[in-house]
Each structure stands twice: as C-alpha cells, then as structure tokens.
$ cat upload_36.tsv   # TSV, C-alpha atoms
chain	number	residue	atom	x	y	z
A	1	MET	CA	-31.78	48.99	-55.05
A	2	PRO	CA	-32.05	45.18	-55.29
A	3	LYS	CA	-30.32	43.22	-52.56
A	4	TRP	CA	-27.06	41.53	-53.41
A	5	ASN	CA	-26.61	37.80	-52.96
A	6	VAL	CA	-23.57	37.31	-50.71
A	7	TYR	CA	-21.81	34.14	-49.61
A	8	VAL	CA	-19.64	34.00	-46.47
A	9	THR	CA	-17.22	31.07	-46.56
A	10	ASN	CA	-17.00	30.55	-42.78
A	11	GLU	CA	-18.51	31.85	-39.56
A	12	ILE	CA	-17.31	35.26	-38.44
A	13	PRO	CA	-18.48	37.43	-35.50
A	14	GLN	CA	-22.19	38.17	-35.63
A	15	PRO	CA	-22.02	42.00	-35.82
A	16	ALA	CA	-20.43	41.76	-39.27
A	17	LEU	CA	-23.10	39.31	-40.44
A	18	ASP	CA	-25.85	41.57	-39.06
A	19	MET	CA	-24.31	44.49	-40.92
A	20	LEU	CA	-24.40	42.57	-44.20
A	21	ALA	CA	-27.89	41.21	-43.59
A	22	GLU	CA	-29.28	44.77	-43.55
A	23	HIS	CA	-28.22	45.20	-47.17
A	24	CYS	CA	-27.81	41.73	-48.66
A	25	ASP	CA	-29.31	38.28	-48.92
A	26	LEU	CA	-26.84	36.19	-46.99
A	27	GLU	CA	-25.71	32.58	-46.83
A	28	VAL	CA	-23.01	31.55	-44.34
A	29	ASN	CA	-21.03	28.35	-44.06
A	30	ARG	CA	-21.84	27.38	-40.46
A	31	GLU	CA	-19.62	24.28	-40.29
A	32	GLY	CA	-16.75	26.16	-38.63
A	33	LYS	CA	-14.09	24.85	-41.01
A	34	PRO	CA	-12.91	25.64	-44.54
A	35	LEU	CA	-14.98	24.23	-47.37
A	36	PRO	CA	-13.54	21.64	-49.76
A	37	LYS	CA	-12.77	23.29	-53.06
A	38	SER	CA	-15.52	21.37	-54.86
A	39	THR	CA	-18.09	22.71	-52.40
A	40	LEU	CA	-16.68	26.24	-52.57
A	41	LEU	CA	-16.93	26.20	-56.38
A	42	GLN	CA	-20.58	25.24	-56.10
A	43	LYS	CA	-21.51	27.68	-53.35
A	44	ILE	CA	-20.08	30.83	-54.98
A	45	GLN	CA	-21.87	30.43	-58.32
A	46	GLY	CA	-24.33	33.23	-58.98
A	47	ARG	CA	-23.18	35.35	-56.03
A	48	ASP	CA	-22.73	39.10	-56.28
A	49	ALA	CA	-20.06	39.09	-53.57
A	50	VAL	CA	-18.05	36.61	-51.53
A	51	LEU	CA	-16.60	37.23	-48.08
A	52	CYS	CA	-13.69	34.81	-47.94
A	53	LEU	CA	-11.01	33.86	-45.40
A	54	LEU	CA	-7.27	33.34	-45.67
A	55	THR	CA	-7.93	29.59	-45.51
A	56	ASP	CA	-9.77	29.81	-48.85
A	57	GLN	CA	-7.54	29.44	-51.90
A	58	ILE	CA	-9.10	31.88	-54.36
A	59	ASP	CA	-7.38	30.92	-57.61
A	60	ALA	CA	-8.36	31.45	-61.24
A	61	GLU	CA	-10.70	28.45	-61.21
A	62	VAL	CA	-12.61	29.77	-58.22
A	63	LEU	CA	-12.83	33.24	-59.71
A	64	ARG	CA	-14.19	31.85	-62.98
A	65	ALA	CA	-16.87	29.96	-61.06
A	66	ALA	CA	-17.94	33.26	-59.46
A	67	ASN	CA	-18.52	34.87	-62.84
A	68	GLN	CA	-21.23	37.20	-61.47
A	69	ALA	CA	-19.24	38.42	-58.47
A	70	LYS	CA	-18.23	42.07	-58.21
A	71	ILE	CA	-15.98	41.64	-55.16
A	72	PHE	CA	-14.20	39.09	-52.98
A	73	ALA	CA	-13.72	40.67	-49.55
A	74	ASN	CA	-10.87	38.89	-47.77
A	75	TYR	CA	-11.23	38.60	-44.00
A	76	ALA	CA	-7.49	39.11	-43.44
A	77	VAL	CA	-4.70	41.63	-43.86
A	78	GLY	CA	-2.62	39.32	-46.02
A	79	TYR	CA	-3.95	38.21	-49.37
A	80	ASN	CA	-1.47	35.62	-50.62
A	81	ASN	CA	-4.45	33.22	-50.75
A	82	ILE	CA	-5.92	35.19	-53.69
A	83	ASP	CA	-4.76	35.41	-57.30
A	84	ILE	CA	-5.06	39.18	-57.64
A	85	SER	CA	-3.98	39.18	-61.30
A	86	ALA	CA	-6.66	36.66	-62.24
A	87	ALA	CA	-9.28	38.65	-60.33
A	88	THR	CA	-8.28	41.86	-62.09
A	89	ALA	CA	-8.39	40.18	-65.48
A	90	GLN	CA	-11.91	38.98	-64.70
A	91	GLY	CA	-13.05	42.37	-63.40
A	92	ILE	CA	-13.49	41.30	-59.79
A	93	MET	CA	-12.44	43.68	-57.01
A	94	ILE	CA	-10.43	42.28	-54.10
A	95	SER	CA	-10.30	43.89	-50.65
A	96	ASN	CA	-8.64	43.15	-47.33
A	97	THR	CA	-8.80	44.32	-43.70
A	98	PRO	CA	-5.57	46.25	-43.03
A	99	GLY	CA	-4.53	48.09	-39.88
A	100	VAL	CA	-7.06	46.59	-37.50
A	101	LEU	CA	-4.95	43.70	-36.23
A	102	THR	CA	-1.62	45.52	-35.94
A	103	ASP	CA	-1.43	45.83	-32.15
A	104	THR	CA	-3.20	42.54	-31.50
A	105	THR	CA	-0.68	40.61	-33.58
A	106	ALA	CA	2.25	42.45	-32.00
A	107	GLU	CA	0.90	41.50	-28.58
A	108	MET	CA	0.73	37.86	-29.64
A	109	ALA	CA	4.35	37.93	-30.79
A	110	TRP	CA	5.31	39.18	-27.33
A	111	THR	CA	3.13	36.50	-25.75
A	112	LEU	CA	5.04	33.83	-27.65
A	113	LEU	CA	8.39	35.40	-26.79
A	114	PHE	CA	7.64	35.43	-23.07
A	115	SER	CA	6.20	31.93	-23.23
A	116	VAL	CA	9.34	30.48	-24.82
A	117	ALA	CA	11.89	32.54	-22.90
A	118	ARG	CA	10.29	31.74	-19.53
A	119	ARG	CA	9.29	28.18	-20.50
A	120	VAL	CA	5.66	28.80	-19.55
A	121	VAL	CA	4.11	25.90	-21.51
A	122	GLU	CA	6.71	23.40	-20.29
A	123	SER	CA	6.28	24.38	-16.66
A	124	ASP	CA	2.48	24.46	-16.97
A	125	ASN	CA	2.44	20.89	-18.29
A	126	TYR	CA	4.90	19.83	-15.57
A	127	THR	CA	2.68	21.29	-12.85
A	128	ARG	CA	-0.55	19.82	-14.26
A	129	MET	CA	1.03	16.36	-14.40
A	130	GLY	CA	1.65	16.48	-10.65
A	131	LYS	CA	5.43	16.60	-10.96
A	132	TYR	CA	5.89	19.82	-8.99
A	133	GLU	CA	7.28	18.93	-5.55
A	134	GLY	CA	8.51	22.33	-4.45
A	135	TRP	CA	10.79	25.21	-5.40
A	136	GLY	CA	14.25	24.43	-6.73
A	137	PRO	CA	17.06	26.76	-7.87
A	138	MET	CA	17.51	24.96	-11.20
A	139	LEU	CA	13.83	24.32	-11.98
A	140	PHE	CA	12.85	25.53	-15.48
A	141	LEU	CA	15.55	28.14	-15.89
A	142	GLY	CA	14.65	30.49	-18.69
A	143	GLN	CA	16.00	33.72	-20.15
A	144	ASP	CA	15.59	37.37	-19.20
A	145	ILE	CA	13.91	39.73	-21.64
A	146	PHE	CA	15.14	43.09	-20.35
A	147	ASN	CA	18.40	44.57	-21.67
A	148	LYS	CA	18.58	42.01	-24.47
A	149	THR	CA	18.79	42.63	-28.22
A	150	VAL	CA	15.72	41.98	-30.32
A	151	GLY	CA	15.87	41.71	-34.10
A	152	ILE	CA	12.80	42.53	-36.18
A	153	ILE	CA	12.46	41.24	-39.72
A	154	GLY	CA	9.99	43.54	-41.48
A	155	PRO	CA	9.58	47.11	-40.15
A	156	GLY	CA	5.97	47.53	-41.27
A	157	ARG	CA	2.97	48.33	-39.08
A	158	ILE	CA	3.13	45.17	-36.97
A	159	GLY	CA	6.92	45.22	-36.74
A	160	LEU	CA	6.77	48.82	-35.56
A	161	SER	CA	4.12	48.04	-32.95
A	162	PHE	CA	6.20	45.11	-31.70
A	163	ALA	CA	9.37	47.24	-31.53
A	164	LYS	CA	7.69	50.07	-29.61
A	165	ARG	CA	6.91	47.63	-26.82
A	166	ALA	CA	10.58	46.61	-26.64
A	167	LYS	CA	11.41	50.06	-25.27
A	168	ALA	CA	9.61	49.17	-22.05
A	169	PHE	CA	12.19	46.42	-21.45
A	170	ASP	CA	15.22	48.58	-22.27
A	171	MET	CA	16.03	46.40	-25.24
A	172	LYS	CA	18.31	47.20	-28.13
A	173	VAL	CA	16.31	47.05	-31.35
A	174	LEU	CA	17.77	45.91	-34.67
A	175	TYR	CA	15.67	45.68	-37.80
A	176	THR	CA	16.01	44.69	-41.43
A	177	GLY	CA	13.89	44.99	-44.54
A	178	LYS	CA	14.05	46.23	-48.11
A	179	LYS	CA	15.35	49.60	-46.96
A	180	ALA	CA	15.83	51.74	-43.88
A	181	ASN	CA	12.65	53.14	-42.30
A	182	PRO	CA	13.17	56.61	-40.72
A	183	GLN	CA	9.78	56.51	-38.96
A	184	PHE	CA	10.63	53.15	-37.42
A	185	GLU	CA	13.98	54.48	-36.18
A	186	HIS	CA	12.44	57.68	-34.80
A	187	GLU	CA	9.76	55.84	-32.82
A	188	THR	CA	11.83	52.90	-31.59
A	189	GLY	CA	15.48	53.93	-31.69
A	190	GLY	CA	15.99	50.89	-33.90
A	191	GLN	CA	19.12	50.38	-35.98
A	192	TYR	CA	18.92	49.23	-39.60
A	193	VAL	CA	21.24	46.30	-40.31
A	194	SER	CA	21.67	43.49	-42.82
A	195	LEU	CA	19.80	40.25	-42.23
A	196	GLU	CA	23.09	38.50	-41.52
A	197	LYS	CA	24.10	40.96	-38.79
A	198	LEU	CA	20.61	40.85	-37.28
A	199	LEU	CA	20.78	37.08	-37.02
A	200	GLN	CA	24.26	37.16	-35.53
A	201	ASP	CA	23.62	39.86	-32.92
A	202	SER	CA	20.01	39.29	-31.80
A	203	ASP	CA	18.99	37.38	-28.71
A	204	TYR	CA	15.40	37.25	-29.96
A	205	ILE	CA	14.16	37.46	-33.55
A	206	SER	CA	10.57	38.27	-34.53
A	207	ILE	CA	9.32	37.93	-38.11
A	208	HIS	CA	6.82	40.48	-39.45
A	209	THR	CA	7.36	40.36	-43.20
A	210	PRO	CA	4.68	39.43	-45.74
A	211	LEU	CA	4.99	36.22	-47.76
A	212	LEU	CA	6.45	37.17	-51.13
A	213	PRO	CA	8.58	35.22	-53.61
A	214	GLU	CA	11.67	36.87	-52.12
A	215	THR	CA	10.67	36.03	-48.52
A	216	PHE	CA	9.86	32.35	-49.08
A	217	HIS	CA	12.23	30.37	-46.81
A	218	LEU	CA	13.92	33.62	-45.83
A	219	ILE	CA	14.98	31.79	-42.69
A	220	GLY	CA	16.48	28.37	-43.37
A	221	GLU	CA	19.42	26.14	-42.55
A	222	LYS	CA	22.06	28.75	-43.36
A	223	GLU	CA	20.31	31.43	-41.29
A	224	PHE	CA	19.91	29.17	-38.24
A	225	LYS	CA	23.66	28.56	-38.26
A	226	GLN	CA	24.20	32.33	-38.06
A	227	MET	CA	22.06	32.73	-34.93
A	228	LYS	CA	23.21	32.55	-31.34
A	229	LYS	CA	22.83	29.21	-29.57
A	230	THR	CA	20.58	31.05	-27.12
A	231	ALA	CA	18.43	32.66	-29.82
A	232	ILE	CA	14.64	32.45	-29.86
A	233	LEU	CA	12.72	32.78	-33.14
A	234	ILE	CA	9.14	34.09	-33.21
A	235	ASN	CA	6.91	33.88	-36.29
A	236	THR	CA	3.45	35.45	-36.45
A	237	SER	CA	3.65	36.43	-40.13
A	238	ARG	CA	3.31	33.57	-42.64
A	239	GLY	CA	4.55	30.02	-42.22
A	240	PRO	CA	6.52	29.58	-45.45
A	241	VAL	CA	8.84	32.48	-44.53
A	242	VAL	CA	10.57	29.86	-42.38
A	243	ASP	CA	11.90	26.54	-43.67
A	244	GLU	CA	10.04	24.45	-41.11
A	245	LEU	CA	12.09	21.28	-41.60
A	246	ALA	CA	15.27	23.28	-41.04
A	247	LEU	CA	13.69	24.81	-37.93
A	248	VAL	CA	12.92	21.37	-36.50
A	249	LYS	CA	16.55	20.35	-37.03
A	250	ALA	CA	17.85	23.56	-35.42
A	251	LEU	CA	15.64	23.03	-32.37
A	252	GLU	CA	16.49	19.34	-32.07
A	253	THR	CA	20.24	19.90	-32.25
A	254	GLY	CA	20.32	22.97	-30.01
A	255	GLU	CA	21.43	25.22	-32.84
A	256	ILE	CA	18.94	27.72	-31.42
A	257	TRP	CA	17.38	27.79	-27.95
A	258	GLY	CA	13.70	27.92	-28.85
A	259	ALA	CA	10.88	29.13	-31.08
A	260	GLY	CA	7.32	30.42	-30.83
A	261	LEU	CA	5.04	29.84	-33.82
A	262	ASP	CA	1.53	30.93	-34.70
A	263	VAL	CA	1.82	30.04	-38.41
A	264	TYR	CA	3.14	27.03	-40.29
A	265	GLU	CA	4.59	26.18	-43.67
A	266	TRP	CA	1.93	23.58	-44.55
A	267	GLU	CA	-0.81	24.91	-42.33
A	268	PRO	CA	-2.65	23.33	-40.61
A	269	LYS	CA	-0.16	20.44	-40.83
A	270	LEU	CA	3.08	20.67	-38.86
A	271	ALA	CA	6.50	19.54	-39.98
A	272	GLU	CA	7.34	16.07	-38.73
A	273	GLY	CA	8.77	16.17	-35.23
A	274	LEU	CA	7.79	19.76	-34.44
A	275	SER	CA	5.01	18.92	-32.00
A	276	LYS	CA	7.29	16.59	-30.02
A	277	LEU	CA	9.74	19.34	-29.08
A	278	ASP	CA	9.59	21.02	-25.67
A	279	ASN	CA	11.52	24.11	-26.77
A	280	VAL	CA	8.83	25.41	-29.11
A	281	THR	CA	5.45	26.98	-28.28
A	282	LEU	CA	2.79	26.22	-30.90
A	283	CYS	CA	-0.43	28.18	-31.39
A	284	PRO	CA	-3.16	27.59	-34.02
A	285	HIS	CA	-2.93	30.88	-35.98
A	286	ILE	CA	-4.62	33.00	-33.29
A	287	ALA	CA	-2.55	36.20	-33.43
A	288	SER	CA	-5.60	38.29	-34.31
A	289	ALA	CA	-7.97	36.24	-32.15
A	290	THR	CA	-9.45	38.78	-29.79
A	291	ILE	CA	-13.14	39.57	-29.71
A	292	GLU	CA	-12.51	43.21	-30.56
A	293	THR	CA	-10.13	42.60	-33.46
A	294	ARG	CA	-11.96	39.72	-35.12
A	295	THR	CA	-15.21	41.69	-34.95
A	296	LYS	CA	-13.57	44.75	-36.49
A	297	MET	CA	-12.09	42.61	-39.26
A	298	GLY	CA	-15.60	41.40	-40.07
A	299	THR	CA	-17.17	44.85	-40.13
A	300	ILE	CA	-14.37	46.15	-42.38
A	301	ALA	CA	-14.92	43.26	-44.81
A	302	ALA	CA	-18.67	43.91	-44.72
A	303	ALA	CA	-18.12	47.63	-45.34
A	304	ASN	CA	-16.04	46.80	-48.41
A	305	ILE	CA	-18.89	44.70	-49.82
A	306	ILE	CA	-21.55	47.31	-49.04
A	307	ALA	CA	-19.50	50.03	-50.72
A	308	ALA	CA	-19.15	47.90	-53.85
A	309	MET	CA	-22.88	47.21	-53.80
A	310	LYS	CA	-23.56	50.96	-53.77
A	311	GLY	CA	-21.28	51.49	-56.74
A	312	GLU	CA	-18.51	53.03	-54.62
A	313	LEU	CA	-14.84	52.15	-54.44
A	314	PRO	CA	-14.38	49.79	-51.46
A	315	PRO	CA	-12.22	51.51	-48.83
A	316	ASN	CA	-9.63	48.71	-48.87
A	317	CYS	CA	-9.68	47.71	-52.53
A	318	LEU	CA	-6.42	46.07	-53.61
A	319	ASN	CA	-7.02	46.42	-57.35
A	320	PRO	CA	-8.81	49.78	-57.81
A	321	GLU	CA	-8.18	49.65	-61.56
A	322	VAL	CA	-11.14	47.25	-61.77
A	323	TYR	CA	-13.42	49.86	-60.20
A	324	LYS	CA	-12.10	52.61	-62.45
A	325	SER	CA	-12.58	50.45	-65.52
A	326	SER	CA	-16.16	49.59	-64.60
A	327	THR	CA	-16.94	53.25	-63.85
A	328	MET	CA	-15.59	54.33	-67.25
A	329	GLN	CA	-17.70	51.71	-69.00
A	330	LYS	CA	-20.84	53.03	-67.31
A	331	THR	CA	-20.10	56.57	-68.46

$ encode --input "upload_36.tsv" --output "structure tokens"
Amino acid sequence: MPKWNVYVTNEIPQPALDMLAEHCDLEVNREGKPLPKSTLLQKIQGRDAVLCLLTDQIDAEVLRAANQAKIFANYAVGYNNIDISAATAQGIMISNTPGVLTDTTAEMAWTLLFSVARRVVESDNYTRMGKYEGWGPMLFLGQDIFNKTVGIIGPGRIGLSFAKRAKAFDMKVLYTGKKANPQFEHETGGQYVSLEKLLQDSDYISIHTPLLPETFHLIGEKEFKQMKKTAILINTSRGPVVDELALVKALETGEIWGAGLDVYEWEPKLAEGLSKLDNVTLCPHIASATIETRTKMGTIAAANIIAAMKGELPPNCLNPEVYKSSTMQKT
C-alpha cells in the first residue's frame, strides 16, 4: 500500500506524529501558530489527508484547494471551523476527537469558577506586587461554593461531568437545554428549568453548549439583567455563545459579580476593556490542555486518518455518507 501524503497544520504532541509517520509521509507546520490562509491553501494542495486544528478555517475555498484529500481530521471536539456541507459535496470525510476531553474541560470550568469566586488571580497579583502587609478581615473577600446553586447551560457530556462534581459541594443543580435529560437528572439530581429561571436562580452559571445558529449570543444584555448581582459566569464552550461587549458592560457596572473565560467571541482578540477588569479571569483556550488529553486528541485524529487510508470508515467520521458513497462506487 503506497504511503499517504499528510499535512499537519500545527504542532501536536509527538506520539500522534510518530503514529502517523509509521503509515504516512508527513509534513508538519512547526511555527507553533496558525498559518495564514494563503499559506494553508498552498500547503494542502496534493495531500491525501490533512490534520487540522480548530484555529484553521476550513471553508469551501480550502476544501477545493485540497482536491486530492480523502479526509480532514479535526484536532478538536467541536467542528464549527469546518464547512461540513462543502466537504460532503466534494467527497471529503471530516472527523473529530469526541469524548476524550470531557473531564479535562469540566475540571477547567471548575478551576475558573474557584479562581473567580475566591479572587485567586487578583490576590496573586497583589501578593507578587509586594502589597501584602499581613492578614486582614476584609482582604479579598470572595464567595463560598458549597450549598450554592449552579446553573448548567448544555447537559451534554461536559455539562454532565461538570454537574457530577457539584455534588461534592452539596450544590443545587439546575440545567437547561433543548429538552430534559433523564440521564443527567439521575446522575446529578439536576432540575430541568427554562433559561430564564436558570439565570434568575443560579449563583454560578457554566456554559457547555455547542456553537450553533440558535446559541449565538445566547447570553447577552437581556440575560445579564436577569442574573443575580452576585452571579459568576463561566464559559469554556465557544466564545460567540456570549455577547462579549455586553459581558464587559455587565462586569463594569456590577450587573454580575464576575466571570471566568477560556474562549472569546473574536478569538484570539478580546473585547475592548475586558483585559482591564479585575473581576474576570482570562485563560488562552486551555481547557483541554493537559499532557494526557492533548496527546489522546492527537492519537484519535491520527487513527481517523489511518483508518481512511486503509479504506475503512474513520471511527469519528462526521459525514459517513461520503464513505458509503465512495464504497458503493468501488463496488
């Protein structure tokens, strides 16, 4: 079997690259940052497969440039960076890396929640700047976590993992989504409510919904007005789910108490004024950034490519109709 020619759009953990190198001729972008579109268009020409990242916008133009490619393996769970319809029309399979980062992302959401509620970043900066002169009863007062109400927007895998951890803090769990989720309720004791009631009753709100047309700016000016003045918003899903300009205003005016963000509406750019606020913790999209998880994401993406190379259906193919169509043509 001839080796496939594979392009990897950015550096990923070495075990995944080693796995691919056993089966494929490999070229990797070693610059450590996303390629300009003009360079990406050039690099993917003539490739049999492309391992891409969520920072790569794989639109119809890019897919046309990769006219020989059999698969684009996305190194991410989400795939809103890829035009699936255009890929299907062109006969290119698309895959992702689901499941592997569920617990890691849930842990990061909790990390942000604790950081904001207990003002960890503020107090760290204060101490490093030499301002700490001794204990004081009013110094960096934060909020308790235990016995509070947490609202979860999106009861999928990550939302469920996040909610299960809330039980350890004796928290009341509210959740909302397209419909009630019996498994979620059984495992967490969570109560299904409307978005409006969740916003009104929750002390802490964590977003775990995918970015879809109906979830774009799901949380905006109107929703911030419905929240408690002491509310904390956590977002580890996708930036555009939150109207970032409205969030800045809500934080500036004290409409809500704080926020913890790992994703941004115009990533990597931040909304004007966001970085100047003390009541928000900002991380650079690192929810899945553990050695174990990022390595597993890479090996899953590599396995999808290797399966396609062998004429098999990739385990995480998002448009299997392409595979079925190509199989029928061969027979």

$ closest_residue --input "upload_36.tsv" --among "A:Asp262, A:Glu187, A:Asp83, A:Asp243" --to "Trp110 (chain A)" --atoms "only C-alpha atoms"
A:Asp262

$ closest_residue --input "upload_36.tsv" --among "A:Glu31, A:Asp56, A:Asp124, A:Glu61" --to "Ala73 (chain A)" --atoms "all atoms listed in the file"
A:Asp56

$ residues_around --input "upload_36.tsv" --residues "region 113-117 of chain A" --least-positions-apart "4" --cutoff "8 Å" --atoms "all atoms listed in the file" --output "PDB file with C-alpha atoms, keeping the file's coordinate frame"
ATOM      1  CA  ALA A 109       4.350  37.930 -30.790  1.00  0.00           C
ATOM      2  CA  VAL A 121       4.110  25.900 -21.510  1.00  0.00           C
ATOM      3  CA  GLY A 142      14.650  30.490 -18.690  1.00  0.00           C
ATOM      4  CA  GLN A 143      16.000  33.720 -20.150  1.00  0.00           C
ATOM      5  CA  ASP A 144      15.590  37.370 -19.200  1.00  0.00           C
ATOM      6  CA  ILE A 145      13.910  39.730 -21.640  1.00  0.00           C
ATOM      7  CA  TYR A 204      15.400  37.250 -29.960  1.00  0.00           C
ATOM      8  CA  ILE A 232      14.640  32.450 -29.860  1.00  0.00           C
ATOM      9  CA  ILE A 234       9.140  34.090 -33.210  1.00  0.00           C
ATOM     10  CA  GLY A 258      13.700  27.920 -28.850  1.00  0.00           C
ATOM     11  CA  ALA A 259      10.880  29.130 -31.080  1.00  0.00           C
ATOM     12  CA  GLY A 260       7.320  30.420 -30.830  1.00  0.00           C
ATOM     13  CA  ASN A 279      11.520  24.110 -26.770  1.00  0.00           C
ATOM     14  CA  VAL A 280       8.830  25.410 -29.110  1.00  0.00           C
ATOM     15  CA  THR A 281       5.450  26.980 -28.280  1.00  0.00           C
TER      16      THR A 281
END

$ closest_residue --input "upload_36.tsv" --among "A:Ile92, A:Cys317, A:His208, A:Tyr126" --to "Leu139 (chain A)" --atoms "only C-alpha atoms"
A:Tyr126

$ closest_residue --input "upload_36.tsv" --among "A:Asn81, A:Thr9, A:Thr111, A:Thr299" --to "Gln42 (chain A)" --atoms "all atoms listed in the file"
A:Thr9

$ closest_residue --input "upload_36.tsv" --among "A:Ile153, A:Asp201, A:Thr104, A:Pro320" --to "Ala180 (chain A)" --atoms "all atoms listed in the file"
A:Ile153

$ atom_distance --input "upload_36.tsv" --atom1 "CA of Ala76 (chain A)" --atom2 "CA of Asn96 (chain A)"
5.7 Å

$ residues_around --input "upload_36.tsv" --residues "Ile256 (chain A)" --least-positions-apart "4" --cutoff "9 Å" --atoms "all atoms listed in the file" --output "count of residues only"
13

$ residues_around --input "upload_36.tsv" --residues "Gly151 (chain A)" --least-positions-apart "5" --cutoff "10 Å" --atoms "all atoms listed in the file" --output "list of chain:residue names"
A:Gly159, A:Ala163, A:Lys172, A:Val173, A:Leu174, A:Tyr175, A:Thr176, A:Gly190, A:Gln191, A:Tyr192, A:Val193, A:Leu195, A:Lys197, A:Leu198, A:Leu199, A:Gln200, A:Asp201, A:Ser202, A:Asp203, A:Tyr204, A:Ile205, A:Ser206, A:Ile207, A:Leu233

$ write_last_selection --input "upload_36.tsv" --atoms "C-alpha atoms" --output "short mmCIF file (atom, residue, chain, number, x, y, z; two decimals), keeping the file's coordinate frame"
data_model
loop_
_atom_site.label_atom_id
_atom_site.label_comp_id
_atom_site.auth_asym_id
_atom_site.auth_seq_id
_atom_site.Cartn_x
_atom_site.Cartn_y
_atom_site.Cartn_z
CA GLY A 159 6.92 45.22 -36.74
CA ALA A 163 9.37 47.24 -31.53
CA LYS A 172 18.31 47.20 -28.13
CA VAL A 173 16.31 47.05 -31.35
CA LEU A 174 17.77 45.91 -34.67
CA TYR A 175 15.67 45.68 -37.80
CA THR A 176 16.01 44.69 -41.43
CA GLY A 190 15.99 50.89 -33.90
CA GLN A 191 19.12 50.38 -35.98
CA TYR A 192 18.92 49.23 -39.60
CA VAL A 193 21.24 46.30 -40.31
CA LEU A 195 19.80 40.25 -42.23
CA LYS A 197 24.10 40.96 -38.79
CA LEU A 198 20.61 40.85 -37.28
CA LEU A 199 20.78 37.08 -37.02
CA GLN A 200 24.26 37.16 -35.53
CA ASP A 201 23.62 39.86 -32.92
CA SER A 202 20.01 39.29 -31.80
CA ASP A 203 18.99 37.38 -28.71
CA TYR A 204 15.40 37.25 -29.96
CA ILE A 205 14.16 37.46 -33.55
CA SER A 206 10.57 38.27 -34.53
CA ILE A 207 9.32 37.93 -38.11
CA LEU A 233 12.72 32.78 -33.14
#

$ closest_residue --input "upload_36.tsv" --among "A:Val248, A:Glu292, A:Ser326, A:Ala65" --to "Leu274 (chain A)" --atoms "only C-alpha atoms"
A:Val248

$ atom_distance --input "upload_36.tsv" --atom1 "CA of Met129 (chain A)" --atom2 "CA of Trp257 (chain A)"
24.1 Å

$ atom_distance --input "upload_36.tsv" --atom1 "CA of Gly91 (chain A)" --atom2 "CA of Ala308 (chain A)"
12.6 Å

$ build_atoms --input "upload_36.tsv" --residues "region 309-315 of chain A" --atoms "all heavy atoms" --output "short mmCIF file (atom, residue, chain, number, x, y, z; two decimals), in the frame of the given file"
data_model
loop_
_atom_site.label_atom_id
_atom_site.label_comp_id
_atom_site.auth_asym_id
_atom_site.auth_seq_id
_atom_site.Cartn_x
_atom_site.Cartn_y
_atom_site.Cartn_z
N MET A 309 -21.47 47.36 -53.45
CA MET A 309 -22.88 47.21 -53.80
C MET A 309 -23.49 48.56 -54.16
O MET A 309 -24.35 48.66 -55.05
CB MET A 309 -23.63 46.59 -52.62
CG MET A 309 -25.11 46.33 -52.87
SD MET A 309 -25.95 45.75 -51.38
CE MET A 309 -26.00 47.26 -50.43
N LYS A 310 -23.03 49.62 -53.51
CA LYS A 310 -23.56 50.96 -53.77
C LYS A 310 -22.88 51.64 -54.95
O LYS A 310 -23.15 52.82 -55.24
CB LYS A 310 -23.38 51.83 -52.52
CG LYS A 310 -24.22 51.37 -51.33
CD LYS A 310 -23.98 52.27 -50.12
CE LYS A 310 -24.86 51.87 -48.95
NZ LYS A 310 -24.63 52.72 -47.75
N GLY A 311 -21.98 50.91 -55.60
CA GLY A 311 -21.28 51.49 -56.74
C GLY A 311 -20.11 52.37 -56.36
O GLY A 311 -19.61 53.15 -57.17
N GLU A 312 -19.64 52.24 -55.10
CA GLU A 312 -18.51 53.03 -54.62
C GLU A 312 -17.24 52.19 -54.61
O GLU A 312 -17.30 50.96 -54.63
CB GLU A 312 -18.80 53.53 -53.20
CG GLU A 312 -20.07 54.37 -53.10
CD GLU A 312 -20.49 54.60 -51.66
OE1 GLU A 312 -19.80 54.07 -50.74
OE2 GLU A 312 -21.50 55.30 -51.44
N LEU A 313 -16.10 52.86 -54.57
CA LEU A 313 -14.84 52.15 -54.44
C LEU A 313 -14.71 51.64 -53.01
O LEU A 313 -14.75 52.43 -52.06
CB LEU A 313 -13.67 53.10 -54.76
CG LEU A 313 -12.26 52.51 -54.58
CD1 LEU A 313 -12.01 51.40 -55.59
CD2 LEU A 313 -11.20 53.61 -54.71
N PRO A 314 -14.56 50.32 -52.82
CA PRO A 314 -14.38 49.79 -51.46
C PRO A 314 -13.18 50.44 -50.78
O PRO A 314 -12.13 50.65 -51.41
CB PRO A 314 -14.15 48.30 -51.71
CG PRO A 314 -14.84 48.02 -53.01
CD PRO A 314 -14.64 49.25 -53.83
N PRO A 315 -13.29 50.79 -49.51
CA PRO A 315 -12.22 51.51 -48.83
C PRO A 315 -10.87 50.80 -48.87
O PRO A 315 -9.82 51.45 -48.86
CB PRO A 315 -12.73 51.60 -47.38
CG PRO A 315 -14.21 51.48 -47.49
CD PRO A 315 -14.46 50.57 -48.65
#
